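Asks: Next comes target19.tsv, TSV, C-alpha atoms:
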```tsv
chain	number	residue	atom	x	y	z
A	1	MET	CA	95.01	79.17	131.87
A	2	SER	CA	97.37	78.64	134.80
A	3	SER	CA	99.34	76.46	132.37
A	4	PHE	CA	100.47	79.75	130.81
A	5	GLY	CA	101.48	81.46	134.04
A	6	LEU	CA	98.36	83.35	135.06
A	7	GLU	CA	94.79	82.86	136.18
A	8	PRO	CA	91.75	84.31	134.40
A	9	ILE	CA	90.71	87.75	135.64
A	10	ALA	CA	87.72	89.88	134.65
A	11	PHE	CA	88.13	93.63	134.17
A	12	HIS	CA	86.45	96.49	132.35
A	13	ARG	CA	87.66	96.72	128.74
A	14	ALA	CA	87.93	100.50	128.99
A	15	GLU	CA	90.55	100.06	131.70
A	16	LEU	CA	92.71	98.03	129.30
A	17	VAL	CA	92.36	100.64	126.55
A	18	GLN	CA	93.28	103.37	129.04
A	19	ALA	CA	96.31	101.44	130.27
A	20	LEU	CA	97.53	100.87	126.71
A	21	LEU	CA	97.13	104.55	125.84
A	22	GLU	CA	98.78	105.82	129.01
A	23	GLY	CA	101.66	103.38	128.51
A	24	LEU	CA	102.67	105.03	125.25
A	25	PRO	CA	105.42	107.66	125.07
A	26	GLU	CA	104.16	111.25	124.98
A	27	GLU	CA	105.19	111.69	121.33
A	28	ALA	CA	103.17	108.64	120.31
A	29	ARG	CA	100.09	109.80	122.25
A	30	LYS	CA	100.08	113.06	120.29
A	31	LYS	CA	99.33	111.06	117.15
A	32	TYR	CA	95.96	109.90	118.52
A	33	HIS	CA	93.04	112.10	117.44
A	34	VAL	CA	90.07	111.20	119.65
A	35	GLY	CA	86.53	112.40	119.10
A	36	GLN	CA	86.74	112.27	115.31
A	37	LYS	CA	83.99	110.78	113.14
A	38	VAL	CA	85.07	109.40	109.75
A	39	VAL	CA	82.66	110.22	106.91
A	40	ASN	CA	84.70	109.36	103.82
A	41	ILE	CA	87.84	107.57	102.65
A	42	ALA	CA	89.38	108.21	99.24
A	43	THR	CA	91.84	105.54	98.11
A	44	THR	CA	94.21	105.71	95.15
A	45	GLU	CA	97.26	103.85	93.87
A	46	THR	CA	99.50	106.07	96.01
A	47	GLY	CA	97.62	106.65	99.26
A	48	VAL	CA	94.44	107.44	101.17
A	49	VAL	CA	92.68	110.58	102.34
A	50	VAL	CA	90.33	110.30	105.34
A	51	THR	CA	87.71	113.01	105.82
A	52	CYS	CA	86.05	113.59	109.19
A	53	ALA	CA	82.69	115.14	110.04
A	54	ASN	CA	84.27	118.40	111.21
A	55	GLY	CA	86.06	118.82	107.87
A	56	THR	CA	89.46	117.67	109.11
A	57	THR	CA	91.38	115.47	106.67
A	58	PHE	CA	94.21	113.02	107.24
A	59	THR	CA	96.47	111.50	104.59
A	60	GLY	CA	98.39	108.25	104.73
A	61	SER	CA	99.31	105.07	102.91
A	62	MET	CA	96.49	102.86	104.28
A	63	VAL	CA	93.48	102.72	106.62
A	64	LEU	CA	92.91	100.05	109.26
A	65	GLY	CA	89.26	99.91	110.29
A	66	ALA	CA	89.03	98.39	113.76
A	67	ASP	CA	85.81	100.28	114.44
A	68	GLY	CA	83.39	97.61	115.57
A	69	VAL	CA	80.40	95.70	114.30
A	70	HIS	CA	78.75	98.83	112.87
A	71	SER	CA	82.04	99.83	111.20
A	72	GLN	CA	81.93	103.06	109.24
A	73	THR	CA	85.10	101.92	107.45
A	74	ARG	CA	83.32	98.77	106.26
A	75	LYS	CA	80.34	100.82	105.04
A	76	ILE	CA	82.67	103.06	103.04
A	77	MET	CA	84.34	99.95	101.61
A	78	HIS	CA	80.92	98.73	100.49
A	79	LYS	CA	80.26	102.04	98.76
A	80	LEU	CA	83.66	101.95	97.02
A	81	SER	CA	83.10	98.35	95.90
A	82	ALA	CA	80.44	99.61	93.49
A	83	GLU	CA	83.34	100.89	91.35
A	84	ASP	CA	84.57	98.45	88.71
A	85	ARG	CA	88.14	98.49	90.03
A	86	PHE	CA	86.96	97.19	93.42
A	87	SER	CA	83.95	95.07	92.43
A	88	ALA	CA	85.75	91.79	93.18
A	89	CYS	CA	85.97	92.80	96.86
A	90	ARG	CA	82.26	93.49	97.41
A	91	ASN	CA	80.63	92.30	100.65
A	92	PRO	CA	76.93	92.59	101.46
A	93	GLU	CA	76.00	95.43	103.80
A	94	PRO	CA	74.86	94.82	106.46
A	95	PRO	CA	76.89	91.60	106.38
A	96	PHE	CA	75.87	89.92	109.65
A	97	SER	CA	72.69	88.39	111.11
A	98	ALA	CA	71.54	88.32	114.73
A	99	HIS	CA	69.86	85.26	116.25
A	100	TYR	CA	70.15	86.33	119.90
A	101	ARG	CA	70.09	89.49	121.95
A	102	CYS	CA	71.92	90.36	125.15
A	103	LEU	CA	71.54	92.77	128.06
A	104	TRP	CA	74.58	93.52	130.21
A	105	SER	CA	75.04	95.40	133.46
A	106	ASN	CA	77.83	95.78	135.99
A	107	THR	CA	77.80	96.45	139.70
A	108	PRO	CA	80.24	96.67	142.63
A	109	ARG	CA	81.28	93.10	143.41
A	110	PRO	CA	78.78	91.59	145.89
A	111	CYS	CA	80.56	88.26	146.38
A	112	ALA	CA	84.01	86.68	146.18
A	113	ALA	CA	86.22	87.75	143.27
A	114	GLY	CA	87.00	85.29	140.52
A	115	LEU	CA	83.74	83.39	140.72
A	116	GLY	CA	81.45	82.92	137.75
A	117	ASN	CA	78.21	81.14	137.05
A	118	ASN	CA	76.05	80.20	134.10
A	119	THR	CA	72.28	79.70	134.44
A	120	GLN	CA	70.64	77.94	131.52
A	121	GLY	CA	67.12	77.66	130.16
A	122	LYS	CA	65.19	77.11	126.93
A	123	ASP	CA	66.17	79.92	124.51
A	124	ARG	CA	67.52	81.99	127.45
A	125	SER	CA	70.65	82.02	129.56
A	126	LEU	CA	72.54	84.06	132.13
A	127	MET	CA	76.25	84.67	132.74
A	128	TRP	CA	77.72	86.08	135.96
A	129	ILE	CA	81.38	87.13	136.09
A	130	THR	CA	83.21	88.70	139.03
A	131	GLY	CA	86.41	90.72	138.93
A	132	ARG	CA	88.46	92.29	141.72
A	133	GLU	CA	86.23	95.32	142.13
A	134	ARG	CA	83.15	94.85	139.93
A	135	ALA	CA	80.90	92.10	138.64
A	136	TRP	CA	79.12	91.68	135.31
A	137	LEU	CA	75.68	90.29	134.55
A	138	LEU	CA	74.78	89.19	131.01
A	139	LEU	CA	71.28	88.06	130.04
A	140	TYR	CA	70.71	86.29	126.70
A	141	GLU	CA	67.58	85.48	124.75
A	142	LYS	CA	66.90	84.00	121.33
A	143	LEU	CA	65.16	86.41	118.94
A	144	PRO	CA	61.80	85.36	117.45
A	145	GLU	CA	63.39	85.58	113.99
A	146	PRO	CA	66.94	86.24	112.74
A	147	THR	CA	67.42	89.87	111.75
A	148	GLN	CA	69.96	92.12	110.05
A	149	GLU	CA	68.26	95.31	111.18
A	150	PRO	CA	70.10	97.31	113.87
A	151	LYS	CA	68.16	97.82	117.08
A	152	ARG	CA	68.56	100.47	119.77
A	153	TYR	CA	66.92	99.42	123.01
A	154	THR	CA	65.36	102.02	125.29
A	155	LYS	CA	65.84	102.07	129.06
A	156	GLU	CA	62.26	100.89	129.47
A	157	GLU	CA	62.86	97.93	127.15
A	158	MET	CA	66.02	97.00	129.04
A	159	ASP	CA	64.33	97.24	132.43
A	160	ASP	CA	61.41	95.11	131.22
A	161	PHE	CA	63.82	92.54	129.81
A	162	ALA	CA	65.75	92.38	133.10
A	163	ALA	CA	62.46	92.07	135.01
A	164	SER	CA	61.61	88.96	132.99
A	165	PHE	CA	64.76	87.39	134.49
A	166	ALA	CA	64.12	88.80	137.99
A	167	ASP	CA	63.93	85.47	139.81
A	168	TRP	CA	66.70	83.74	137.88
A	169	PRO	CA	69.54	82.70	140.23
A	170	VAL	CA	72.89	84.41	139.74
A	171	ASN	CA	74.56	82.21	142.35
A	172	ASP	CA	73.48	80.36	145.50
A	173	ASP	CA	72.65	83.61	147.29
A	174	LEU	CA	71.66	86.20	144.68
A	175	LYS	CA	69.03	86.60	142.00
A	176	VAL	CA	68.92	88.98	139.05
A	177	LYS	CA	66.59	91.37	140.88
A	178	ASP	CA	69.20	91.69	143.65
A	179	ILE	CA	72.04	92.92	141.46
A	180	TYR	CA	70.66	94.39	138.21
A	181	ASP	CA	71.73	98.05	137.87
A	182	SER	CA	69.83	99.92	135.17
A	183	SER	CA	72.28	102.85	135.33
A	184	THR	CA	75.08	100.68	133.92
A	185	ALA	CA	72.97	98.60	131.54
A	186	GLY	CA	73.29	98.23	127.79
A	187	MET	CA	71.58	95.97	125.31
A	188	SER	CA	71.96	94.95	121.68
A	189	ASN	CA	71.24	92.23	119.19
A	190	LEU	CA	74.18	89.85	118.82
A	191	ASP	CA	75.33	89.95	115.21
A	192	GLU	CA	77.20	86.91	113.92
A	193	GLY	CA	79.22	86.36	110.77
A	194	VAL	CA	82.58	86.48	108.99
A	195	LEU	CA	83.22	88.66	105.94
A	196	GLU	CA	84.43	87.10	102.71
A	197	HIS	CA	86.65	90.09	101.92
A	198	TRP	CA	88.57	91.87	104.70
A	199	SER	CA	90.25	94.47	102.52
A	200	LEU	CA	89.70	96.71	99.52
A	201	GLY	CA	92.54	98.61	97.90
A	202	ARG	CA	94.43	100.37	100.69
A	203	ILE	CA	91.71	99.73	103.30
A	204	VAL	CA	91.69	96.72	105.63
A	205	LEU	CA	89.48	95.63	108.53
A	206	ALA	CA	90.13	93.94	111.88
A	207	GLY	CA	88.11	92.67	114.81
A	208	ASP	CA	84.32	92.97	114.95
A	209	ALA	CA	84.34	94.99	111.73
A	210	CYS	CA	85.12	91.82	109.74
A	211	HIS	CA	84.18	88.93	112.06
A	212	LYS	CA	81.52	89.18	114.73
A	213	PHE	CA	81.05	86.48	117.40
A	214	THR	CA	78.55	86.07	120.19
A	215	PRO	CA	80.26	86.92	123.51
A	216	ASN	CA	79.57	83.77	125.55
A	217	ALA	CA	83.02	82.29	124.94
A	218	GLY	CA	84.84	85.63	125.27
A	219	LEU	CA	86.66	85.26	121.94
A	220	GLY	CA	85.68	88.40	120.02
A	221	PHE	CA	88.03	91.00	121.50
A	222	THR	CA	90.93	88.57	121.74
A	223	ASN	CA	90.63	87.75	118.04
A	224	GLY	CA	90.67	91.45	117.24
A	225	ILE	CA	93.95	91.80	119.13
A	226	GLN	CA	95.40	88.86	117.22
A	227	ASP	CA	94.29	90.44	113.92
A	228	VAL	CA	96.12	93.67	114.66
A	229	ALA	CA	99.26	91.95	115.99
A	230	LEU	CA	99.67	89.83	112.85
A	231	LEU	CA	98.89	92.69	110.48
A	232	CYS	CA	101.36	95.01	112.23
A	233	ASN	CA	104.09	92.35	112.03
A	234	LEU	CA	103.51	91.88	108.31
A	235	LEU	CA	103.55	95.63	107.69
A	236	HIS	CA	106.67	96.10	109.79
A	237	ASN	CA	108.51	93.36	107.90
A	238	ALA	CA	107.52	94.96	104.60
A	239	THR	CA	108.75	98.42	105.60
A	240	LYS	CA	112.08	96.98	106.79
A	241	SER	CA	112.70	95.34	103.43
A	242	SER	CA	111.35	98.23	101.33
A	243	ALA	CA	113.77	100.53	99.54
A	244	GLY	CA	111.59	103.57	100.34
A	245	PRO	CA	109.36	104.72	103.20
A	246	ASP	CA	106.13	103.57	101.52
A	247	ILE	CA	104.73	100.17	100.58
A	248	GLY	CA	103.55	99.82	96.98
A	249	PHE	CA	99.89	99.18	96.16
A	250	ASP	CA	100.46	95.63	94.88
A	251	GLU	CA	102.61	94.67	97.87
A	252	LEU	CA	100.06	96.12	100.27
A	253	GLU	CA	97.29	94.04	98.69
A	254	GLN	CA	99.48	90.93	99.05
A	255	ILE	CA	100.04	91.73	102.73
A	256	PHE	CA	96.30	92.10	103.29
A	257	GLN	CA	95.63	88.79	101.57
A	258	GLU	CA	98.32	87.02	103.62
A	259	TYR	CA	96.84	88.54	106.78
A	260	GLN	CA	93.33	87.32	105.99
A	261	SER	CA	94.55	83.90	104.84
A	262	SER	CA	96.55	83.41	108.06
A	263	ARG	CA	93.63	84.46	110.24
A	264	LYS	CA	90.98	82.46	108.32
A	265	GLU	CA	91.26	79.12	110.16
A	266	PRO	CA	91.55	80.40	113.76
A	267	THR	CA	88.74	82.90	113.12
A	268	ALA	CA	86.43	80.24	111.70
A	269	PHE	CA	87.18	77.90	114.61
A	270	ASP	CA	86.51	80.51	117.29
A	271	PHE	CA	83.38	81.67	115.47
A	272	GLY	CA	82.07	78.10	115.66
A	273	VAL	CA	83.01	77.78	119.33
A	274	SER	CA	81.24	81.04	120.18
A	275	ALA	CA	78.09	80.08	118.29
A	276	ALA	CA	78.02	76.64	119.94
A	277	ALA	CA	78.51	78.14	123.42
A	278	THR	CA	75.59	80.53	122.96
A	279	ARG	CA	73.31	77.78	121.69
A	280	SER	CA	74.27	75.21	124.30
A	281	HIS	CA	73.68	77.75	127.10
A	282	ALA	CA	70.22	78.47	125.65
A	283	TRP	CA	69.35	74.83	124.83
A	284	ALA	CA	68.76	75.64	121.15
A	285	THR	CA	68.27	71.96	120.24
A	286	PRO	CA	68.06	68.69	122.18
A	287	ILE	CA	71.74	68.04	121.43
A	288	TYR	CA	72.78	71.48	122.68
A	289	TRP	CA	70.60	70.91	125.77
A	290	PHE	CA	72.34	67.62	126.51
A	291	VAL	CA	75.82	69.08	126.03
A	292	GLY	CA	75.09	72.23	128.05
A	293	ARG	CA	73.26	70.43	130.83
A	294	PHE	CA	75.27	67.22	131.26
A	295	ILE	CA	78.56	67.22	129.30
A	296	TYR	CA	80.13	70.64	129.68
A	297	PRO	CA	79.78	70.80	133.51
A	298	LEU	CA	81.88	67.64	133.88
A	299	TYR	CA	85.35	68.43	135.22
A	300	ALA	CA	86.88	65.65	133.10
A	301	PHE	CA	85.39	67.14	129.93
A	302	GLN	CA	86.65	70.63	130.78
A	303	TRP	CA	90.12	69.25	131.56
A	304	LEU	CA	90.27	67.43	128.21
A	305	LEU	CA	88.96	70.51	126.41
A	306	MET	CA	91.59	72.72	127.98
A	307	LYS	CA	94.47	70.30	127.43
A	308	TYR	CA	93.78	69.21	123.86
A	309	VAL	CA	91.82	72.10	122.32
A	310	VAL	CA	92.16	75.38	124.22
A	311	ALA	CA	95.81	75.23	125.32
A	312	PRO	CA	97.27	74.26	121.91
A	313	ARG	CA	95.43	77.20	120.35
A	314	MET	CA	96.20	79.68	123.13
A	315	LYS	CA	99.93	79.01	122.81
A	316	GLN	CA	99.75	80.34	119.22
A	317	SER	CA	98.88	83.85	120.47
A	318	ARG	CA	100.99	86.40	118.64
A	319	VAL	CA	102.98	89.34	119.96
A	320	LEU	CA	104.48	92.33	118.16
A	321	ASP	CA	107.74	90.92	116.79
A	322	TYR	CA	109.45	94.31	116.76
A	323	VAL	CA	108.72	95.26	120.40
A	324	PHE	CA	111.33	93.97	122.84
A	325	GLY	CA	110.93	93.40	126.55
A	326	GLU	CA	110.69	90.85	129.34
A	327	ASP	CA	108.14	88.06	128.93
A	328	ARG	CA	106.68	88.02	132.45
A	329	ILE	CA	103.86	85.60	131.67
A	330	GLN	CA	105.38	82.15	131.60
A	331	GLY	CA	103.99	78.80	132.66
A	332	ARG	CA	104.21	75.09	132.02
A	333	ILE	CA	103.32	75.49	128.33
A	334	PRO	CA	105.73	77.68	126.33
A	335	TRP	CA	104.41	80.35	123.99
A	336	ALA	CA	104.86	79.70	120.26
A	337	TYR	CA	105.62	83.42	119.82
A	338	PRO	CA	107.41	84.66	122.95
A	339	ILE	CA	108.24	88.31	123.50
A	340	HIS	CA	111.73	89.09	122.21
A	341	THR	CA	114.19	90.06	124.93
A	342	LYS	CA	116.96	91.37	122.67
A	343	SER	CA	116.52	94.96	123.81
A	344	LYS	CA	114.22	97.20	125.79
A	345	GLU	CA	114.06	99.71	122.95
A	346	LEU	CA	112.33	99.54	119.57
```
Show me, as structure tokens, the structure contained in the file I just sent.
Replies:
Amino acid sequence: MSSFGLEPIAFHRAELVQALLEGLPEEARKKYHVGQKVVNIATTETGVVVTCANGTTFTGSMVLGADGVHSQTRKIMHKLSAEDRFSACRNPEPPFSAHYRCLWSNTPRPCAAGLGNNTQGKDRSLMWITGRERAWLLLYEKLPEPTQEPKRYTKEEMDDFAASFADWPVNDDLKVKDIYDSSTAGMSNLDEGVLEHWSLGRIVLAGDACHKFTPNAGLGFTNGIQDVALLCNLLHNATKSSAGPDIGFDELEQIFQEYQSSRKEPTAFDFGVSAAATRSHAWATPIYWFVGRFIYPLYAFQWLLMKYVVAPRMKQSRVLDYVFGEDRIQGRIPWAYPIHTKSKEL
């Protein structure tokens, strides 16, 4: 990644969300309504009405559901797709299947920052990632059978699962039992899949709501960001060329289709990379065992992978075309979509 002007760094996702929110102007922050739970979305030819659990309603021209793997927006879309006018956009619900499960925990960094390790075994694996202040432990295991049923793990189940990894090495000096912190632990089944239809009427999905990856390759959240960046650019271009303040129903559907079509190939590729990473770490087959154990650790292989696969795809990362500023992240490889420096104002 130094080819793009920076080194990889691990940080808590909540810190990024907080930084983005606090970086907004005060007037923009007033438009965020936190603590709301969506229970219904009504969509018509002219707009949408969102109803929340406390009875509050919001009206608008569209809904973007970037609300995670258990997306309430997607569930409402499924309900609406029973209507004849939306039947062509029907997805199964639940749409994804889990083949693996994962426990994660974080702790104050006990070793040098920037170091990471991967411990592999048959149907199980471990990832260790260190940031500037904290470190993250992730424990993976293949499920006995694939499942679509959601699972909430209790603290006892998580502690027992961590105990089964107790003597696994995290690095040369530490084992799981030395750093596991039950107070910061979470656990879930790892759903995988990509929806056939990402939109319905005036509703559209992004991120884990429409494509869910296993986390080994770290590509899920980044793809969600790319979804939103492209969709916002398409919507902004449409509003600039529109005679009125609103985008018509037909044009909005075309934008949603262009968005999904443009994201189809990179999403499918990263989904495959994520699935392969999870299975090679856990030695799912003899081929995955050979790749994970002998091929991937080779420096030459990683260099070729970065130069000819990762870097050409990373350079395609999108930015918001209508936000101007200084592009401070520059390296040997130029970005395909650099930040515009025309003005500091929108």
Asks: Counting all atoms listed in the file, what is within 9 Å of Ile339 of chain A, bar same-chain residues fewer than 6 positions away, as a list in words?
Replies: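 After dropping sequence-adjacent residues, the list is Arg318, Val319, Leu320, Asp321, Val323, Phe324, Gly325, Glu326 and Asp327 of chain A.
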Asks: What separation in Å, quoted to one decimal, exists between atom CA of Thr222 of chain A and atom CA of Asp123 of chain A?
Replies: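 Distance between the two atoms: 26.4 Å.
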Asks: Residues within 9 Å of Ala276 of chain A, please, as a PDB file with C-alpha atoms, in the coordinates of the input. Count only C-alpha atoms; anything in the same chain fewer than 5 positions from it doesn't count.
Replies:
```pdb
ATOM      1  CA  PHE A 271      83.380  81.670 115.470  1.00  0.00           C
ATOM      2  CA  HIS A 281      73.680  77.750 127.100  1.00  0.00           C
ATOM      3  CA  TYR A 288      72.780  71.480 122.680  1.00  0.00           C
TER       4      TYR A 288
END
```
Asks: Could you state the separation of atom CA of Val69 of chain A and atom CA of Asp191 of chain A in Å, given to one decimal place?
Replies: 7.7 Å
Asks: Please produce, as CSV, a per-residue contact table for segment 188-212 of chain A versus segment 43-56 of chain A (criterion: any atom at most 12 Å away, only C-alpha atoms considered), showing the nearest atom pair and its distance in Å to one decimal, sorted by chain then residue number.
Replies:
```
residue,atom,partner,partner_atom,distance
A:Leu200,CA,A:Thr43,CA,9.2
A:Gly201,CA,A:Thr43,CA,7.0
A:Arg202,CA,A:Thr43,CA,6.3
A:Ile203,CA,A:Thr43,CA,7.8
A:Val204,CA,A:Thr43,CA,11.6
```
Asks: Have a look at atom CA of Pro150 of chain A and atom CA of Lys37 of chain A and let me know their distance in Å, one decimal.
Replies: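 These two atoms are separated by 19.4 Å.
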Asks: Identify which of the residues A:Leu80, A:Ala185, A:Ala311, A:Ala206 lies closest to Phe161 of chain A, counting all atoms listed in the file when measuring atom-to-atom distances.
Replies: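 Going through A:Leu80, A:Ala185, A:Ala311, A:Ala206 one by one, the smallest distance to Phe161 of chain A is for A:Ala185.
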Asks: Residues near Ser3 of chain A, anyone? I mean within 9 Å using all atoms listed in the file, not counting same-chain ones fewer than 5 positions away, as a PDB file with C-alpha atoms, in the frame of the given file.
Replies:
```
ATOM      1  CA  ALA A 311      95.810  75.230 125.320  1.00  0.00           C
ATOM      2  CA  GLN A 330     105.380  82.150 131.600  1.00  0.00           C
ATOM      3  CA  GLY A 331     103.990  78.800 132.660  1.00  0.00           C
ATOM      4  CA  ARG A 332     104.210  75.090 132.020  1.00  0.00           C
ATOM      5  CA  ILE A 333     103.320  75.490 128.330  1.00  0.00           C
ATOM      6  CA  PRO A 334     105.730  77.680 126.330  1.00  0.00           C
TER       7      PRO A 334
END
```
Asks: Of the residues A:Gln257, A:Glu192, A:Leu103, A:Lys122, which is the one nearest to Asp160 of chain A, using all atoms listed in the file?
Replies: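 Checking each of A:Gln257, A:Glu192, A:Leu103, A:Lys122 against Asp160 of chain A, counting all atoms listed in the file, the winner is A:Leu103.
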Asks: Here is a test: counting all atoms listed in the file, which residue of A:Leu143, A:Ala268, A:Leu230, A:Ala135 is nearest to Leu195 of chain A?
Replies: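 So, comparing all the options, the nearest one is A:Ala268.
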Asks: Given only C-alpha atoms as the basis, pick out the residue of A:Asn223, A:Gln316, A:Ser280, A:Ser274 nearest to Arg124 of chain A.
Replies: A:Ser280
Asks: Restricting the calculation to only C-alpha atoms: of A:His340, A:Lys142, A:Lys177, A:Lys264, which residue gets closest to Trp283 of chain A?
Replies: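 Once distances to Trp283 of chain A are computed over only C-alpha atoms, the minimum belongs to A:Lys142.
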Asks: Could you name the residues that touch His211 of chain A at 7 Å or less, counting all atoms listed in the file, but leaving out those on the same chain fewer than 2 positions away, as a PyMOL selection string?
Replies: chain A and resi 193-195+207-209+213
Asks: For segment 310-329 of chain A, I'd like the enclosing box, axis-aligned and padded by 6 Å on every side, reported as AutoDock Vina command-line options with centre and edge lengths in Å to one decimal.
Replies:
```
--center_x 101.7 --center_y 84.8 --center_z 124.6 --size_x 31.2 --size_y 33.0 --size_z 27.7
```
Asks: Would you please work out which residue, of A:Asp84, A:Asp270, A:Glu258, A:Glu22, is nearest to Leu235 of chain A when using all atoms listed in the file?
Replies: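 The answer is A:Glu258, which sits nearest to Leu235 of chain A.
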Asks: Counting all atoms listed in the file, note down every residue that has an atom within 12 Å of the point (69.1, 87.4, 127.1) (file coordinates), as a PyMOL selection string.
Replies: chain A and resi 99-105+119-127+137-143+158+160-165+168+186-190+214-216+278-279+281-282
Asks: Could you turn the residues from that selection into a file that holds C-alpha atoms, as an mmCIF file, in the frame of the given file?
Replies:
```
data_model
loop_
_atom_site.group_PDB
_atom_site.id
_atom_site.type_symbol
_atom_site.label_atom_id
_atom_site.label_comp_id
_atom_site.auth_asym_id
_atom_site.auth_seq_id
_atom_site.Cartn_x
_atom_site.Cartn_y
_atom_site.Cartn_z
ATOM 1 C CA HIS A 99 69.860 85.260 116.250
ATOM 2 C CA TYR A 100 70.150 86.330 119.900
ATOM 3 C CA ARG A 101 70.090 89.490 121.950
ATOM 4 C CA CYS A 102 71.920 90.360 125.150
ATOM 5 C CA LEU A 103 71.540 92.770 128.060
ATOM 6 C CA TRP A 104 74.580 93.520 130.210
ATOM 7 C CA SER A 105 75.040 95.400 133.460
ATOM 8 C CA THR A 119 72.280 79.700 134.440
ATOM 9 C CA GLN A 120 70.640 77.940 131.520
ATOM 10 C CA GLY A 121 67.120 77.660 130.160
ATOM 11 C CA LYS A 122 65.190 77.110 126.930
ATOM 12 C CA ASP A 123 66.170 79.920 124.510
ATOM 13 C CA ARG A 124 67.520 81.990 127.450
ATOM 14 C CA SER A 125 70.650 82.020 129.560
ATOM 15 C CA LEU A 126 72.540 84.060 132.130
ATOM 16 C CA MET A 127 76.250 84.670 132.740
ATOM 17 C CA LEU A 137 75.680 90.290 134.550
ATOM 18 C CA LEU A 138 74.780 89.190 131.010
ATOM 19 C CA LEU A 139 71.280 88.060 130.040
ATOM 20 C CA TYR A 140 70.710 86.290 126.700
ATOM 21 C CA GLU A 141 67.580 85.480 124.750
ATOM 22 C CA LYS A 142 66.900 84.000 121.330
ATOM 23 C CA LEU A 143 65.160 86.410 118.940
ATOM 24 C CA MET A 158 66.020 97.000 129.040
ATOM 25 C CA ASP A 160 61.410 95.110 131.220
ATOM 26 C CA PHE A 161 63.820 92.540 129.810
ATOM 27 C CA ALA A 162 65.750 92.380 133.100
ATOM 28 C CA ALA A 163 62.460 92.070 135.010
ATOM 29 C CA SER A 164 61.610 88.960 132.990
ATOM 30 C CA PHE A 165 64.760 87.390 134.490
ATOM 31 C CA TRP A 168 66.700 83.740 137.880
ATOM 32 C CA GLY A 186 73.290 98.230 127.790
ATOM 33 C CA MET A 187 71.580 95.970 125.310
ATOM 34 C CA SER A 188 71.960 94.950 121.680
ATOM 35 C CA ASN A 189 71.240 92.230 119.190
ATOM 36 C CA LEU A 190 74.180 89.850 118.820
ATOM 37 C CA THR A 214 78.550 86.070 120.190
ATOM 38 C CA PRO A 215 80.260 86.920 123.510
ATOM 39 C CA ASN A 216 79.570 83.770 125.550
ATOM 40 C CA THR A 278 75.590 80.530 122.960
ATOM 41 C CA ARG A 279 73.310 77.780 121.690
ATOM 42 C CA HIS A 281 73.680 77.750 127.100
ATOM 43 C CA ALA A 282 70.220 78.470 125.650
#
```
Asks: Show which residues sit within 10 Å of Tyr296 of chain A, as a list of chain:residue names. Count all atoms listed in the file, and ignore same-chain residues fewer than 3 positions away.
Replies: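 So the residues in contact are A:Ala277, A:Ser280, A:His281, A:Phe290, A:Val291, A:Gly292, A:Arg293, A:Tyr299, A:Ala300, A:Phe301, A:Gln302, A:Leu305.
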Asks: Deliver the residues from the most recent selection as a file, using C-alpha atoms, as a CSV table (one decimal), keeping the file's coordinate frame.
Replies:
```
chain,number,residue,atom,x,y,z
A,277,ALA,CA,78.5,78.1,123.4
A,280,SER,CA,74.3,75.2,124.3
A,281,HIS,CA,73.7,77.8,127.1
A,290,PHE,CA,72.3,67.6,126.5
A,291,VAL,CA,75.8,69.1,126.0
A,292,GLY,CA,75.1,72.2,128.0
A,293,ARG,CA,73.3,70.4,130.8
A,299,TYR,CA,85.4,68.4,135.2
A,300,ALA,CA,86.9,65.6,133.1
A,301,PHE,CA,85.4,67.1,129.9
A,302,GLN,CA,86.6,70.6,130.8
A,305,LEU,CA,89.0,70.5,126.4
```
